[in-house]
>>> print(open('query_39.pdb').read())   # PDB, C-alpha atoms, pLDDT in the B column
ATOM      1  CA  MET Y  18     -32.149 -15.295  35.566  1.00 50.00           C
ATOM      2  CA  PRO Y  19     -28.393 -14.766  35.081  1.00 57.00           C
ATOM      3  CA  ASP Y  20     -29.017 -14.184  31.377  1.00 69.00           C
ATOM      4  CA  VAL Y  21     -31.006 -11.082  32.191  1.00 71.00           C
ATOM      5  CA  ASN Y  22     -28.150  -9.634  34.224  1.00 74.00           C
ATOM      6  CA  VAL Y  23     -25.641 -10.224  31.428  1.00 71.00           C
ATOM      7  CA  THR Y  24     -27.978  -8.657  28.897  1.00 72.00           C
ATOM      8  CA  LEU Y  25     -28.561  -5.664  31.149  1.00 68.00           C
ATOM      9  CA  ALA Y  26     -24.814  -5.227  31.693  1.00 69.00           C
ATOM     10  CA  MET Y  27     -24.102  -5.468  27.985  1.00 67.00           C
ATOM     11  CA  THR Y  28     -26.747  -2.892  27.119  1.00 69.00           C
ATOM     12  CA  GLN Y  29     -25.084  -0.446  29.503  1.00 67.00           C
ATOM     13  CA  ILE Y  30     -21.469  -1.183  28.408  1.00 63.00           C
ATOM     14  CA  VAL Y  31     -21.949  -1.173  24.631  1.00 60.00           C
ATOM     15  CA  PRO Y  32     -23.154   2.460  24.412  1.00 58.00           C
ATOM     16  CA  LEU Y  33     -20.125   3.531  26.474  1.00 57.00           C
ATOM     17  CA  ALA Y  34     -17.787   1.765  24.097  1.00 56.00           C
ATOM     18  CA  ALA Y  35     -19.626   3.167  21.088  1.00 58.00           C
ATOM     19  CA  ASP Y  36     -19.022   6.726  22.269  1.00 63.00           C
ATOM     20  CA  GLU Y  37     -15.265   6.178  22.573  1.00 69.00           C
ATOM     21  CA  PHE Y  38     -14.907   4.107  19.392  1.00 66.00           C
ATOM     22  CA  ASP Y  39     -13.812   6.079  16.327  1.00 73.00           C
ATOM     23  CA  LYS Y  40     -15.382   4.491  13.267  1.00 74.00           C
ATOM     24  CA  ASN Y  41     -12.772   6.084  10.964  1.00 80.00           C
ATOM     25  CA  LYS Y  42      -9.868   4.471  12.818  1.00 82.00           C
ATOM     26  CA  VAL Y  43      -9.606   0.701  12.596  1.00 78.00           C
ATOM     27  CA  THR Y  44      -6.730  -1.219  14.159  1.00 83.00           C
ATOM     28  CA  PRO Y  45      -5.931  -4.923  13.816  1.00 85.00           C
ATOM     29  CA  GLY Y  46      -5.697  -5.386  17.563  1.00 88.00           C
ATOM     30  CA  VAL Y  47      -4.050  -8.177  19.479  1.00 92.00           C
ATOM     31  CA  LEU Y  48      -5.332 -10.935  17.193  1.00 93.00           C
ATOM     32  CA  GLY Y  49      -3.858  -9.206  14.140  1.00 93.00           C
ATOM     33  CA  PHE Y  50      -0.518  -8.850  15.898  1.00 94.00           C
ATOM     34  CA  LEU Y  51      -0.497 -12.507  16.933  1.00 97.00           C
ATOM     35  CA  VAL Y  52      -1.270 -13.674  13.377  1.00 97.00           C
ATOM     36  CA  PHE Y  53       1.460 -11.417  11.956  1.00 96.00           C
ATOM     37  CA  ALA Y  54       3.955 -12.602  14.582  1.00 98.00           C
ATOM     38  CA  ALA Y  55       3.116 -16.253  13.840  1.00 98.00           C
ATOM     39  CA  LEU Y  56       3.665 -15.656  10.113  1.00 98.00           C
ATOM     40  CA  ALA Y  57       6.983 -13.926  10.804  1.00 98.00           C
ATOM     41  CA  VAL Y  58       8.179 -16.795  13.014  1.00 98.00           C
ATOM     42  CA  GLY Y  59       7.077 -19.316  10.379  1.00 98.00           C
ATOM     43  CA  VAL Y  60       8.986 -17.508   7.609  1.00 98.00           C
ATOM     44  CA  TRP Y  61      12.061 -17.258   9.824  1.00 98.00           C
ATOM     45  CA  MET Y  62      11.936 -21.005  10.539  1.00 98.00           C
ATOM     46  CA  LEU Y  63      11.503 -21.799   6.821  1.00 98.00           C
ATOM     47  CA  MET Y  64      14.494 -19.620   5.892  1.00 98.00           C
ATOM     48  CA  LYS Y  65      16.615 -21.270   8.579  1.00 97.00           C
ATOM     49  CA  SER Y  66      15.636 -24.719   7.310  1.00 97.00           C
ATOM     50  CA  MET Y  67      16.303 -23.709   3.695  1.00 96.00           C
ATOM     51  CA  ASN Y  68      19.782 -22.453   4.572  1.00 95.00           C
ATOM     52  CA  ARG Y  69      20.540 -25.726   6.349  1.00 95.00           C
ATOM     53  CA  HIS Y  70      19.375 -27.791   3.358  1.00 94.00           C
ATOM     54  CA  MET Y  71      21.209 -25.607   0.827  1.00 92.00           C
ATOM     55  CA  GLY Y  72      24.406 -26.156   2.812  1.00 90.00           C
ATOM     56  CA  LYS Y  73      24.068 -29.905   2.279  1.00 90.00           C
ATOM     57  CA  VAL Y  74      23.679 -29.628  -1.511  1.00 87.00           C
ATOM     58  CA  ASN Y  75      26.701 -30.549  -3.653  1.00 83.00           C
ATOM     59  CA  PHE Y  76      26.703 -28.066  -6.534  1.00 80.00           C
ATOM     60  CA  GLU Y  77      29.623 -29.661  -8.372  1.00 83.00           C
ATOM     61  CA  GLU Y  78      28.316 -31.329 -11.510  1.00 81.00           C
ATOM     62  CA  ALA Y  79      29.648 -34.751 -12.485  1.00 80.00           C
ATOM     63  CA  PRO Y  80      31.570 -34.602 -15.765  1.00 79.00           C
ATOM     64  CA  ASP Y  81      29.900 -36.054 -18.846  1.00 82.00           C
ATOM     65  CA  PRO Y  82      31.969 -39.011 -20.172  1.00 83.00           C
ATOM     66  CA  ALA Y  83      31.131 -38.198 -23.814  1.00 84.00           C
ATOM     67  CA  ALA Y  84      32.232 -34.581 -23.367  1.00 83.00           C
ATOM     68  CA  GLU Y  85      35.479 -35.728 -21.745  1.00 84.00           C
ATOM     69  CA  ARG Y  86      36.242 -37.985 -24.733  1.00 85.00           C
ATOM     70  CA  GLU Y  87      35.501 -35.163 -27.190  1.00 87.00           C
ATOM     71  CA  LYS Y  88      37.727 -32.772 -25.244  1.00 86.00           C
ATOM     72  CA  ALA Y  89      40.564 -35.314 -25.184  1.00 85.00           C
ATOM     73  CA  ALA Y  90      40.195 -35.947 -28.930  1.00 86.00           C
ATOM     74  CA  ALA Y  91      40.173 -32.215 -29.682  1.00 86.00           C
ATOM     75  CA  SER Y  92      43.266 -31.568 -27.567  1.00 85.00           C
ATOM     76  CA  ALA Y  93      45.063 -34.533 -29.188  1.00 83.00           C
ATOM     77  CA  SER Y  94      44.263 -33.306 -32.698  1.00 83.00           C
ATOM     78  CA  ALA Y  95      45.310 -29.754 -31.787  1.00 78.00           C
ATOM     79  CA  ALA Y  96      48.599 -31.028 -30.363  1.00 75.00           C
ATOM     80  CA  GLY Y  97      49.224 -33.121 -33.502  1.00 68.00           C
ATOM     81  CA  SER Y  98      48.559 -30.234 -35.876  1.00 64.00           C
ATOM     82  CA  ALA Y  99      50.749 -27.861 -33.874  1.00 56.00           C
ATOM     83  CA  SER Y 100      53.808 -30.133 -34.130  1.00 54.00           C
ATOM     84  CA  ALA Y 101      53.481 -30.770 -37.895  1.00 51.00           C
ATOM     85  CA  PRO Y 102      53.725 -27.733 -40.204  1.00 53.00           C
ATOM     86  CA  ALA Y 103      50.685 -26.847 -42.239  1.00 52.00           C
ATOM     87  CA  SER Y 104      50.748 -27.616 -45.957  1.00 54.00           C
ATOM     88  CA  GLY Y 105      50.366 -23.952 -46.917  1.00 54.00           C
ATOM     89  CA  ASP Y 106      53.220 -22.838 -44.634  1.00 52.00           C
ATOM     90  CA  PRO Y 107      56.224 -21.679 -46.703  1.00 56.00           C
ATOM     91  CA  ALA Y 108      58.639 -22.251 -43.833  1.00 56.00           C
ATOM     92  CA  GLY Y 109      57.607 -25.892 -43.666  1.00 53.00           C
ATOM     93  CA  GLU Y 110      58.458 -26.503 -47.318  1.00 58.00           C
ATOM     94  CA  ARG Y 111      62.109 -25.306 -47.142  1.00 59.00           C
ATOM     95  CA  PRO Y 112      64.779 -27.197 -45.349  1.00 59.00           C
ATOM     96  CA  LYS Y 113      66.137 -25.384 -42.303  1.00 59.00           C
ATOM     97  CA  ASP Y 114      69.847 -25.572 -43.218  1.00 61.00           C
ATOM     98  CA  ALA Y 115      69.354 -24.042 -46.702  1.00 52.00           C
TER      99      ALA Y 115
END
>>> encode(input="query_39.pdb", output="structure tokens")
Amino acid sequence: MPDVNVTLAMTQIVPLAADEFDKNKVTPGVLGFLVFAALAVGVWMLMKSMNRHMGKVNFEEAPDPAAEREKAAASASAAGSASAPASGDPAGERPKDA
């Protein structure tokens, strides 16, 4: 017979709660707060882990060997053309002591 007592108690408590409960005002309650807090802690832990992993990353890119050879060839050809006068340069055609 304990089920009857629980049912009787619930029938008396529920109408009291219904009178105080505003149907236009809904709040998330404790469960909503706990879920939100768990999500916030999870995001904080993910951000902390991401910062730790990003600190370990080496962002310096290894040089491309083909690009290095092209750069060396371009600088060598530019240095060679700068030391020899151009064919259309009038100063290069005349001797300096004349």
>>> axis_aligned_box(input="query_39.pdb", around="segment 49-58 of chain Y", padding_each_side="3 Å", output="AutoDock Vina command-line options")
--center_x 2.2 --center_y -12.8 --center_z 13.5 --size_x 18.0 --size_y 13.9 --size_z 12.8
>>> atom_distance(input="query_39.pdb", atom1="atom CA of Ala79 of chain Y", atom2="atom CA of Met67 of chain Y")
23.7 Å
>>> atom_distance(input="query_39.pdb", atom1="atom CA of Ala93 of chain Y", atom2="atom CA of Asp81 of chain Y")
18.4 Å
>>> atom_distance(input="query_39.pdb", atom1="atom CA of Val74 of chain Y", atom2="atom CA of Ala57 of chain Y")
26.0 Å
